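Below is final16.txt, which holds compact mmCIF, C-alpha atoms.
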# COMPACT_ATOMS: atom_id res chain seq x y z
CA MET A 670 -9.11 6.91 35.64
CA GLN A 671 -10.46 3.49 34.65
CA THR A 672 -11.84 1.26 37.37
CA PHE A 673 -10.94 -2.42 37.54
CA LEU A 674 -14.41 -3.41 36.23
CA GLU A 675 -14.05 -1.05 33.25
CA LYS A 676 -10.71 -2.57 32.41
CA MET A 677 -12.29 -6.01 32.51
CA LYS A 678 -14.78 -5.17 29.74
CA PRO A 679 -14.53 -7.63 26.79
CA GLU A 680 -13.31 -4.87 24.44
CA ASN A 681 -10.28 -4.39 26.72
CA TRP A 682 -9.34 -8.07 26.73
CA SER A 683 -8.00 -8.36 23.19
CA ARG A 684 -8.60 -7.18 19.64
CA ASP A 685 -7.55 -8.70 16.33
CA ILE A 686 -5.93 -6.30 13.89
CA ALA A 687 -4.91 -6.27 10.23
CA ILE A 688 -1.93 -4.27 9.01
CA ASP A 689 -1.12 -3.16 5.46
CA PHE A 690 2.60 -2.56 5.88
CA GLY A 691 3.35 -0.61 2.70
CA THR A 692 6.61 0.92 1.52
CA ASN A 693 5.22 4.43 2.02
CA THR A 694 2.12 4.04 4.19
CA VAL A 695 0.93 1.86 7.06
CA LEU A 696 -2.81 1.25 7.48
CA VAL A 697 -4.26 -0.55 10.51
CA TYR A 698 -7.71 -2.16 10.73
CA VAL A 699 -9.14 -3.15 14.12
CA GLU A 700 -11.94 -5.71 14.28
CA GLY A 701 -15.17 -4.00 15.25
CA LYS A 702 -13.80 -0.53 14.51
CA GLY A 703 -12.56 -0.57 10.92
CA ILE A 704 -9.56 1.45 9.72
CA VAL A 705 -8.17 3.34 12.70
CA LEU A 706 -4.71 4.40 11.49
CA LYS A 707 -3.16 5.66 8.27
CA GLU A 708 0.39 6.90 8.76
CA PRO A 709 3.57 7.22 6.67
CA SER A 710 5.93 4.26 7.14
CA VAL A 711 8.76 6.56 8.20
CA VAL A 712 10.92 6.43 11.31
CA ALA A 713 13.27 9.07 12.74
CA ILE A 714 16.40 7.86 14.56
CA ASP A 715 18.72 9.70 16.92
CA LEU A 716 22.15 8.84 15.49
CA ASN A 717 23.88 9.50 18.81
CA THR A 718 21.83 6.95 20.75
CA ASP A 719 20.61 4.79 17.84
CA GLN A 720 17.09 5.10 19.29
CA VAL A 721 13.81 5.63 17.42
CA VAL A 722 12.44 9.03 18.47
CA LYS A 723 9.55 9.64 16.05
CA VAL A 724 7.31 7.39 13.96
CA GLY A 725 4.78 8.00 11.22
CA ARG A 726 3.55 11.49 10.37
CA GLU A 727 5.90 13.26 12.79
CA ALA A 728 8.89 11.45 11.27
CA MET A 729 7.64 12.17 7.74
CA GLU A 730 7.73 15.89 8.44
CA MET A 731 11.46 15.58 9.11
CA LEU A 732 12.37 13.94 5.77
CA GLY A 733 14.98 16.14 4.08
CA ARG A 734 14.97 18.58 7.00
CA GLU A 735 16.49 16.57 9.84
CA PRO A 736 19.37 18.01 11.96
CA ASP A 737 22.84 16.42 11.86
CA HIS A 738 22.21 14.10 14.81
CA MET A 739 18.97 12.66 13.41
CA LYS A 740 17.99 10.60 10.37
CA ALA A 741 14.50 10.01 8.95
CA LEU A 742 14.16 6.86 6.85
CA ARG A 743 11.77 4.26 5.44
CA PRO A 744 12.55 0.81 6.89
CA MET A 745 10.44 -0.95 4.25
CA LYS A 746 11.76 -1.35 0.72
CA ASN A 747 9.66 -2.73 -2.13
CA GLY A 748 7.10 -3.89 0.42
CA GLN A 749 9.66 -5.93 2.39
CA ILE A 750 11.69 -5.40 5.55
CA SER A 751 15.04 -3.77 4.75
CA GLN A 752 15.95 -2.74 8.33
CA TYR A 753 14.68 -5.27 10.83
CA GLU A 754 15.21 -3.47 14.14
CA VAL A 755 13.75 -0.20 12.90
CA THR A 756 10.75 -2.02 11.41
CA LEU A 757 10.24 -3.78 14.74
CA GLN A 758 10.07 -0.47 16.61
CA MET A 759 7.64 0.93 14.06
CA LEU A 760 5.43 -2.18 14.30
CA LYS A 761 5.38 -1.94 18.12
CA TYR A 762 4.35 1.69 17.87
CA PHE A 763 1.43 1.04 15.49
CA ILE A 764 0.14 -1.99 17.42
CA ARG A 765 0.19 0.04 20.64
CA ARG A 766 -1.50 3.02 18.94
CA ALA A 767 -4.21 0.83 17.43
CA CYS A 768 -4.98 -1.36 20.44
CA GLY A 769 -4.02 0.60 23.54
CA LYS A 770 -3.60 -1.45 26.70
CA LEU A 771 -5.05 -4.96 26.39
CA TRP A 772 -5.15 -7.85 28.82
CA ILE A 773 -4.40 -10.33 26.03
CA PRO A 774 -2.01 -9.48 23.17
CA PRO A 775 -3.72 -9.13 19.77
CA ARG A 776 -3.68 -11.55 16.86
CA VAL A 777 -2.23 -9.76 13.85
CA LEU A 778 -2.84 -10.31 10.12
CA ILE A 779 -0.18 -8.68 7.92
CA THR A 780 -0.27 -8.22 4.13
CA VAL A 781 2.82 -9.26 2.15
CA PRO A 782 3.88 -9.18 -1.53
CA THR A 783 3.29 -12.19 -3.75
CA GLY A 784 6.20 -14.58 -4.15
CA ILE A 785 7.48 -13.92 -0.62
CA SER A 786 10.16 -16.43 0.39
CA GLU A 787 10.12 -18.62 3.51
CA VAL A 788 12.96 -16.55 4.98
CA GLU A 789 11.08 -13.29 4.37
CA MET A 790 7.88 -14.77 5.82
CA ARG A 791 9.74 -15.80 8.95
CA ALA A 792 11.27 -12.31 9.29
CA VAL A 793 7.81 -10.69 9.13
CA MET A 794 6.33 -13.16 11.63
CA ASP A 795 9.28 -12.83 14.02
CA ALA A 796 9.02 -9.03 13.93
CA SER A 797 5.28 -9.25 14.62
CA HIS A 798 5.76 -11.60 17.58
CA GLU A 799 8.54 -9.43 19.02
CA ALA A 800 6.29 -6.40 18.60
CA GLY A 801 3.68 -8.02 20.84
CA ALA A 802 1.41 -10.12 18.61
CA ARG A 803 -0.06 -13.25 20.19
CA ARG A 804 -0.35 -15.00 16.84
CA THR A 805 0.62 -13.80 13.37
CA TYR A 806 -1.04 -14.47 10.02
CA LEU A 807 -0.08 -13.39 6.51
CA ILE A 808 -2.00 -12.77 3.28
CA GLU A 809 -0.70 -11.78 -0.15
CA GLU A 810 -1.57 -8.25 -1.20
CA PRO A 811 -3.55 -9.14 -4.36
CA ARG A 812 -5.85 -11.51 -2.47
CA ALA A 813 -6.48 -8.90 0.23
CA ALA A 814 -6.95 -6.17 -2.40
CA ALA A 815 -9.52 -8.26 -4.28
CA LEU A 816 -11.51 -8.88 -1.11
CA GLY A 817 -11.39 -5.19 -0.21
CA ALA A 818 -12.58 -4.26 -3.71
CA GLY A 819 -15.61 -6.53 -3.28
CA LEU A 820 -14.57 -9.31 -5.69
CA ASP A 821 -15.73 -12.88 -5.10
CA ILE A 822 -12.40 -14.65 -5.35
CA ARG A 823 -13.65 -17.81 -3.62
CA SER A 824 -15.74 -18.84 -6.64
CA PRO A 825 -14.33 -20.74 -9.66
CA ILE A 826 -14.83 -17.59 -11.75
CA GLY A 827 -11.56 -15.79 -12.49
CA SER A 828 -10.89 -12.26 -11.20
CA MET A 829 -7.93 -10.03 -12.06
CA VAL A 830 -6.38 -7.41 -9.79
CA LEU A 831 -3.61 -4.87 -10.32
CA ASN A 832 -2.36 -3.26 -7.11
CA ILE A 833 0.07 -0.35 -7.49
CA GLY A 834 1.65 0.58 -4.18
CA GLY A 835 4.51 2.88 -3.29
CA GLY A 836 7.31 0.41 -3.99
CA VAL A 837 5.72 -2.62 -5.68
CA SER A 838 3.06 -3.39 -8.27
CA ASN A 839 1.27 -6.74 -7.93
CA THR A 840 -0.79 -8.25 -10.74
CA ALA A 841 -2.74 -11.46 -10.16
CA VAL A 842 -5.51 -13.63 -11.55
CA LEU A 843 -7.45 -15.23 -8.71
CA SER A 844 -9.85 -18.16 -8.55
CA MET A 845 -11.05 -20.57 -5.83
CA GLY A 846 -9.44 -18.38 -3.15
CA GLY A 847 -5.92 -18.62 -4.59
CA MET A 848 -3.69 -17.04 -7.23
CA VAL A 849 -3.62 -18.76 -10.62
CA ALA A 850 -1.08 -16.42 -12.23
CA TYR A 851 0.75 -13.46 -10.74
CA ASP A 852 3.69 -11.10 -11.09
CA ASP A 853 5.50 -8.63 -8.83
CA ILE A 854 7.69 -5.78 -10.06
CA PRO A 855 9.61 -3.19 -7.96
CA VAL A 856 7.74 -0.34 -9.66
CA GLY A 857 5.17 1.87 -7.96
CA GLY A 858 4.47 5.42 -6.87
CA ASP A 859 8.11 6.01 -5.86
CA LYS A 860 9.32 5.12 -9.36
CA PHE A 861 6.71 7.46 -10.83
CA ASP A 862 8.11 10.29 -8.66
CA GLU A 863 11.67 9.38 -9.61
CA ALA A 864 10.79 9.43 -13.31
CA ILE A 865 9.33 12.94 -12.97
CA MET A 866 12.46 14.16 -11.15
CA ASN A 867 14.69 12.70 -13.90
CA TYR A 868 12.58 14.25 -16.66
CA VAL A 869 12.69 17.73 -15.12
CA ARG A 870 16.46 17.46 -14.57
CA GLN A 871 17.18 16.29 -18.13
CA ARG A 872 14.68 18.50 -19.95
CA TYR A 873 15.01 21.71 -17.94
CA GLN A 874 18.32 21.28 -16.05
CA LEU A 875 16.35 21.73 -12.84
CA LEU A 876 16.60 19.82 -9.57
CA ILE A 877 13.40 19.13 -7.65
CA GLY A 878 12.77 17.01 -4.55
CA GLU A 879 10.70 13.87 -3.98
CA ARG A 880 7.84 15.73 -2.33
CA GLN A 881 7.55 18.19 -5.19
CA ALA A 882 7.66 15.35 -7.72
CA GLU A 883 4.81 13.64 -5.86
CA THR A 884 2.79 16.87 -5.90
CA ILE A 885 3.34 17.15 -9.67
CA LYS A 886 2.20 13.53 -10.10
CA ILE A 887 -0.97 14.10 -8.09
CA ARG A 888 -1.92 17.43 -9.67
CA ILE A 889 -1.05 16.95 -13.37
CA GLY A 890 0.17 13.35 -13.65
CA GLU A 891 -1.16 11.89 -16.91
CA VAL A 892 -0.47 8.75 -18.94
CA TYR A 893 -3.31 8.88 -21.47
CA GLU A 894 -3.65 12.11 -23.43
CA HIS A 895 -6.79 14.19 -22.95
CA ARG A 896 -8.04 17.19 -24.89
CA LYS A 897 -7.41 19.90 -22.30
CA PRO A 898 -3.85 19.92 -20.87
CA GLU A 899 -3.27 21.08 -17.30
CA TYR A 900 -0.32 23.18 -16.18
CA MET A 901 1.67 23.68 -13.00
CA LYS A 902 4.39 26.09 -11.86
CA VAL A 903 7.45 24.30 -10.52
CA VAL A 904 10.38 25.90 -8.67
CA GLY A 905 13.71 24.15 -8.22
CA GLN A 906 17.49 24.63 -8.29
CA ALA A 907 18.97 25.42 -11.67
CA LEU A 908 21.91 23.38 -12.98
CA PRO A 909 24.65 24.41 -12.75
CA GLY A 910 24.84 26.90 -9.90
CA GLY A 911 21.88 25.92 -7.76
CA LEU A 912 20.01 29.23 -8.06
CA PRO A 913 16.19 29.21 -7.89
CA LYS A 914 14.42 28.77 -11.22
CA GLU A 915 10.74 28.53 -12.18
CA ILE A 916 9.29 26.52 -15.05
CA ILE A 917 5.80 25.56 -16.27
CA LEU A 918 5.07 21.84 -16.67
CA SER A 919 2.12 20.45 -18.62
CA SER A 920 0.20 17.22 -18.17
CA LYS A 921 1.15 16.27 -21.75
CA GLU A 922 4.81 16.22 -20.69
CA MET A 923 3.95 13.75 -17.94
CA ILE A 924 3.05 11.15 -20.57
CA GLU A 925 6.66 11.22 -21.73
CA ALA A 926 8.11 11.55 -18.22
CA LEU A 927 6.25 8.50 -16.90
CA SER A 928 6.63 6.28 -19.96
CA GLY A 929 9.40 4.14 -18.42
CA PRO A 930 7.70 2.91 -15.23
CA ILE A 931 4.27 2.76 -16.92
CA THR A 932 5.69 0.51 -19.64
CA ALA A 933 7.01 -1.82 -16.92
CA VAL A 934 3.53 -1.99 -15.35
CA LEU A 935 1.91 -2.71 -18.72
CA ASP A 936 4.45 -5.47 -19.45
CA SER A 937 3.68 -7.07 -16.09
CA VAL A 938 -0.07 -7.01 -16.71
CA CYS A 939 0.34 -8.50 -20.19
CA SER A 940 2.66 -11.19 -18.81
CA VAL A 941 0.00 -12.30 -16.31
CA VAL A 942 -2.73 -12.29 -18.99
CA GLU A 943 -0.54 -14.47 -21.23
CA ARG A 944 -0.07 -17.00 -18.39
CA THR A 945 -3.75 -17.11 -17.45
CA PRO A 946 -5.40 -20.51 -18.18
CA LEU A 947 -7.67 -20.44 -21.21
CA ASP A 948 -10.65 -21.53 -19.10
CA LEU A 949 -10.41 -18.25 -17.14
CA ILE A 950 -9.75 -15.85 -20.03
CA ASP A 951 -13.46 -15.46 -20.77
CA ASN A 952 -14.05 -14.53 -17.12
CA ILE A 953 -11.31 -11.90 -17.24
CA LEU A 954 -12.66 -10.39 -20.47
CA LYS A 955 -16.13 -10.22 -18.94
CA ASN A 956 -15.25 -9.06 -15.39
CA GLY A 957 -12.26 -6.93 -16.33
CA ILE A 958 -9.26 -5.77 -14.32
CA THR A 959 -9.75 -4.07 -10.96
CA MET A 960 -7.05 -1.59 -9.94
CA THR A 961 -6.16 -0.82 -6.32
CA GLY A 962 -3.40 1.05 -4.48
CA GLY A 963 -2.49 4.73 -4.54
CA GLY A 964 -0.77 4.43 -7.92
CA SER A 965 -4.00 3.33 -9.56
CA ARG A 966 -5.30 6.90 -9.24
CA LEU A 967 -2.79 8.17 -11.83
CA HIS A 968 -4.97 9.90 -14.39
CA GLY A 969 -5.65 7.85 -17.51
CA LEU A 970 -3.88 4.68 -16.38
CA ASP A 971 -7.07 2.61 -16.39
CA ARG A 972 -7.87 3.74 -19.95
CA LEU A 973 -4.32 3.02 -21.10
CA ILE A 974 -4.38 -0.52 -19.68
CA GLU A 975 -7.76 -1.14 -21.30
CA ARG A 976 -6.47 0.09 -24.66
CA VAL A 977 -3.30 -2.02 -24.52
CA THR A 978 -4.88 -5.25 -23.23
CA GLY A 979 -8.40 -5.00 -24.64
CA ILE A 980 -9.72 -5.86 -21.16
CA PRO A 981 -12.19 -3.54 -19.39
CA THR A 982 -10.36 -1.84 -16.51
CA ARG A 983 -11.71 0.06 -13.53
CA VAL A 984 -10.34 1.65 -10.37
CA ALA A 985 -11.77 0.26 -7.11
CA GLU A 986 -14.13 2.51 -5.17
CA HIS A 987 -11.57 3.03 -2.38
CA PRO A 988 -8.25 1.97 -3.94
CA VAL A 989 -5.94 3.11 -1.13
CA THR A 990 -7.74 1.19 1.62
CA SER A 991 -8.72 -1.92 -0.37
CA ILE A 992 -5.85 -4.08 0.90
CA VAL A 993 -6.28 -3.40 4.61
CA ALA A 994 -10.09 -3.60 4.32
CA GLY A 995 -9.79 -6.97 2.60
CA ALA A 996 -7.43 -8.25 5.27
CA GLY A 997 -9.74 -6.87 7.94
CA SER A 998 -12.64 -8.87 6.51
CA LEU A 999 -10.79 -12.07 7.46
CA LEU A 1000 -10.29 -11.23 11.13
CA PRO A 1001 -13.51 -12.96 12.30
CA TYR A 1002 -12.24 -16.21 10.76
CA LEU A 1003 -8.80 -16.42 12.40
CA ASN A 1004 -10.02 -19.09 14.84
CA GLN A 1005 -10.31 -21.44 11.85
CA MET A 1006 -6.75 -20.86 10.66
CA PRO A 1007 -3.24 -21.89 11.72
CA GLU A 1008 -0.50 -19.28 11.91
CA GLY A 1009 1.21 -18.35 8.65
CA MET A 1010 -0.34 -17.78 5.23
CA VAL A 1011 -4.12 -17.77 5.49
CA ASN A 1012 -6.71 -19.52 3.34
CA ILE A 1013 -9.84 -17.69 2.22
CA PRO A 1014 -12.89 -19.07 4.08
CA ALA A 1015 -15.64 -20.70 2.04
CA ARG A 1016 -18.04 -17.93 3.01
CA ILE A 1017 -17.22 -14.31 3.79
CA GLY A 1018 -19.71 -11.80 5.12
CA ARG A 1019 -21.36 -9.21 2.93
CA ARG A 1020 -19.39 -5.99 2.50
CA GLN A 1021 -20.71 -2.70 3.81
CA THR A 1022 -19.10 0.58 2.81
CA THR A 1023 -19.03 3.55 5.18
CA GLY A 1024 -17.26 6.64 3.85
CA ASN A 1025 -13.63 5.80 3.10
CA ASP A 1026 -13.81 2.68 5.24
CA LYS A 1027 -15.02 -0.80 4.31
CA ARG A 1028 -16.63 -2.88 7.01
CA TYR A 1029 -17.79 -6.44 6.80
CA THR A 1030 -20.65 -8.19 8.59
Render the structure in this file as structure tokens.
Amino acid sequence: MQTFLEKMKPENWSRDIAIDFGTNTVLVYVEGKGIVLKEPSVVAIDLNTDQVVKVGREAMEMLGREPDHMKALRPMKNGQISQYEVTLQMLKYFIRRACGKLWIPPRVLITVPTGISEVEMRAVMDASHEAGARRTYLIEEPRAAALGAGLDIRSPIGSMVLNIGGGVSNTAVLSMGGMVAYDDIPVGGDKFDEAIMNYVRQRYQLLIGERQAETIKIRIGEVYEHRKPEYMKVVGQALPGGLPKEIILSSKEMIEALSGPITAVLDSVCSVVERTPLDLIDNILKNGITMTGGGSRLHGLDRLIERVTGIPTRVAEHPVTSIVAGAGSLLPYLNQMPEGMVNIPARIGRRQTTGNDKRYT
């Protein structure tokens, strides 16, 4: 049991935290500790009492398997709040998990999609305050992703980022700490999974679930043909009748299956390149496109983008954690900023990488 003096230690007074509130995953960064939480953004509700009973990984395990009196759901849609009260409960849970008991409520920096409206900003900030934040700050996902990937976006040299999350893909050209050109589309990892499910149903008259589609995407997902195809056994329900049926899928088939959502991503990237000021085009051609987010790991996507655009393209060293690490790098500077959308400080500490975490000093 903690003594009064132990409770009065500075680390128990307050901690600033950054939250990447994604459609599928929530990541939390605590100043001085780095990334402390990575959990599915899923909540389980008791339909009889309308109360949240499980959050995160425990709720995720119930998806598609919940009893009649319970419902597991994702309260975030396309990176934005779709169910306010449920999101509020989830936010409270993650703040409490990350910070424990503090004498002073934390300041919270939350990542948001580009082009967020004033109404949507207010909804995020209100939810954060109700969840226990002392002050709330926001940063657009591409700016945070660029910082987390180690790009110097404060300089007048242009940088280009493509972040592919679960529900949204953000493309942006950044310079002088801000976004010069950007685009958001409601296409991400979920749409990739949906495209695979549709392909298997139409081609093989076989029903498969979201989890299985995601496994297929991870194991043999391919958008740029390679010499040696990979194969995977897939079991689903045959149409009609619903009896079990097994098929063999190849990575070459995934190129066709994923063509729809991948074309949308390519169109978005090209649209941003076309709207980039001529004075920054040389910078983009030299520095290339940096990809972040879980969707950026889709095999061959970097090579496909490079072939279509003619711009060198690379995947960030730690694409999944780039956004929250970038937001976390700004926590020491919150004293200089008013609540709301943050500005990038003139000088940010040098990045240090430790395992799958990115810390800044």
(request) Name the closest residue to Met790 (chain A) among the candidates A:Val869, A:Tyr806, A:Leu875, A:Trp772; distances are taken between atoms, counting all atoms listed in the file. (result)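 Ranking A:Val869, A:Tyr806, A:Leu875, A:Trp772 by distance to Met790 (chain A), first place goes to A:Tyr806.
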Each residue of region 925-961 of chain A with at least one atom at most 8 Å from region 824-836 of chain A should appear once, together with its nearest atom pair and the corresponding distance in Å (one decimal); atoms considered: only C-alpha atoms; ordering: chain, then increasing residue number; output as CSV.
residue,atom,partner,partner_atom,distance
A:Val938,CA,A:Leu831,CA,7.6
A:Leu949,CA,A:Gly827,CA,5.4
A:Ile950,CA,A:Gly827,CA,7.8
A:Asn952,CA,A:Gly827,CA,5.4
A:Ile953,CA,A:Ser828,CA,6.1
A:Asn956,CA,A:Ser828,CA,6.8
A:Gly957,CA,A:Met829,CA,6.8
A:Ile958,CA,A:Met829,CA,5.0
A:Thr959,CA,A:Val830,CA,4.9
A:Met960,CA,A:Leu831,CA,4.8
A:Thr961,CA,A:Asn832,CA,4.6
(request) Please measure the separation of CA of Asp821 (chain A) and CA of Val705 (chain A), giving the value in Å to one decimal. (result)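 These two atoms are separated by 25.2 Å.
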(message) For a test of reading the model, state the distance in Å between CA of Ala728 (chain A) and CA of Pro744 (chain A), rounded to one decimal.
(response)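 According to the coordinates, CA of Ala728 (chain A) and CA of Pro744 (chain A) are separated by 12.1 Å.
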(request) Could you jot down the CA of Ser797 (chain A) to CA of Met1010 (chain A) separation for me, Å, one decimal place? (result)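 Interatomic distance, CA of Ser797 (chain A) to CA of Met1010 (chain A): 13.9 Å.
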How close does each residue of region 840-891 of chain A get to region 903-917 of chain A, giving the shortest atom pair and distance in Å to one decimal for every residue with an atom at most 9 Å away, counting only C-alpha atoms, sorted by chain and residue number, as a tab-separated table?
residue	atom	partner	partner_atom	distance
A:Arg870	CA	A:Leu908	CA	8.2
A:Tyr873	CA	A:Ile916	CA	8.0
A:Gln874	CA	A:Leu908	CA	5.2
A:Leu875	CA	A:Ala907	CA	4.7
A:Leu876	CA	A:Gln906	CA	5.1
A:Ile877	CA	A:Gly905	CA	5.1
A:Gly878	CA	A:Gly905	CA	8.1
A:Gln881	CA	A:Val903	CA	8.1
A:Ile885	CA	A:Val903	CA	8.3
(request) For Arg944 (chain A), list every protein, DNA or RNA residue within 9 Å, evaluated using all atoms listed in the file, and leave out those in the same chain fewer than 6 positions away; present the list as a PyMOL selection string. (result) chain A and resi 849-851
Output for the residues just chosen: C-alpha atoms as a PDB file, in the coordinates of the input:
ATOM      1  CA  VAL A 849      -3.620 -18.760 -10.620  1.00  0.00           C
ATOM      2  CA  ALA A 850      -1.080 -16.420 -12.230  1.00  0.00           C
ATOM      3  CA  TYR A 851       0.750 -13.460 -10.740  1.00  0.00           C
TER       4      TYR A 851
END
(request) Please identify all polymer residues within 10 Å of Glu727 (chain A), counting only C-alpha atoms, omitting same-chain residues fewer than 3 positions from it, and present them as a ChimeraX atom specification. (result) /A:708-709,711-713,722-724,730-732,741
Take the residues from that selection and put them in a file with C-alpha atoms, as a short mmCIF file (atom, residue, chain, number, x, y, z; two decimals), in the frame of the given file.
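Writing done, so here's selection-v7.cif:
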data_model
loop_
_atom_site.label_atom_id
_atom_site.label_comp_id
_atom_site.auth_asym_id
_atom_site.auth_seq_id
_atom_site.Cartn_x
_atom_site.Cartn_y
_atom_site.Cartn_z
CA GLU A 708 0.39 6.90 8.76
CA PRO A 709 3.57 7.22 6.67
CA VAL A 711 8.76 6.56 8.20
CA VAL A 712 10.92 6.43 11.31
CA ALA A 713 13.27 9.07 12.74
CA VAL A 722 12.44 9.03 18.47
CA LYS A 723 9.55 9.64 16.05
CA VAL A 724 7.31 7.39 13.96
CA GLU A 730 7.73 15.89 8.44
CA MET A 731 11.46 15.58 9.11
CA LEU A 732 12.37 13.94 5.77
CA ALA A 741 14.50 10.01 8.95
#
(message) For Met923 (chain A), find every residue with an atom within 9 Å (counting only C-alpha atoms), except residues of its own chain fewer than 6 positions away, and show them as an NGL selection string.
(response) :A and (865 or 868 or 885-886 or 889-892)
Now that the selection is made, can you save its residues with C-alpha atoms as a PDB file, in the coordinates of the input?
ATOM      1  CA  ILE A 865       9.330  12.940 -12.970  1.00  0.00           C
ATOM      2  CA  TYR A 868      12.580  14.250 -16.660  1.00  0.00           C
ATOM      3  CA  ILE A 885       3.340  17.150  -9.670  1.00  0.00           C
ATOM      4  CA  LYS A 886       2.200  13.530 -10.100  1.00  0.00           C
ATOM      5  CA  ILE A 889      -1.050  16.950 -13.370  1.00  0.00           C
ATOM      6  CA  GLY A 890       0.170  13.350 -13.650  1.00  0.00           C
ATOM      7  CA  GLU A 891      -1.160  11.890 -16.910  1.00  0.00           C
ATOM      8  CA  VAL A 892      -0.470   8.750 -18.940  1.00  0.00           C
TER       9      VAL A 892
END
(message) Given only C-alpha atoms as the basis, pick out the residue of A:His798, A:Leu742, A:Val934, A:Ala994 nearest to Asp853 (chain A).
(response) A:Val934
(request) Do a neighbour search on Gly962 (chain A) at 8 Å with only C-alpha atoms, toss out local chain neighbours closer than 3 positions, and write the hits as a list in words. (result) Asn832, Ile833, Gly834, Ser965, Arg966, Pro988, Val989, Thr990, Ser991 and Ile992 of chain A
(request) Identify which of the residues A:Cys939, A:Leu1003, A:Ile980, A:Ile931 lies closest to Leu967 (chain A), counting all atoms listed in the file when measuring atom-to-atom distances. (result) A:Ile931
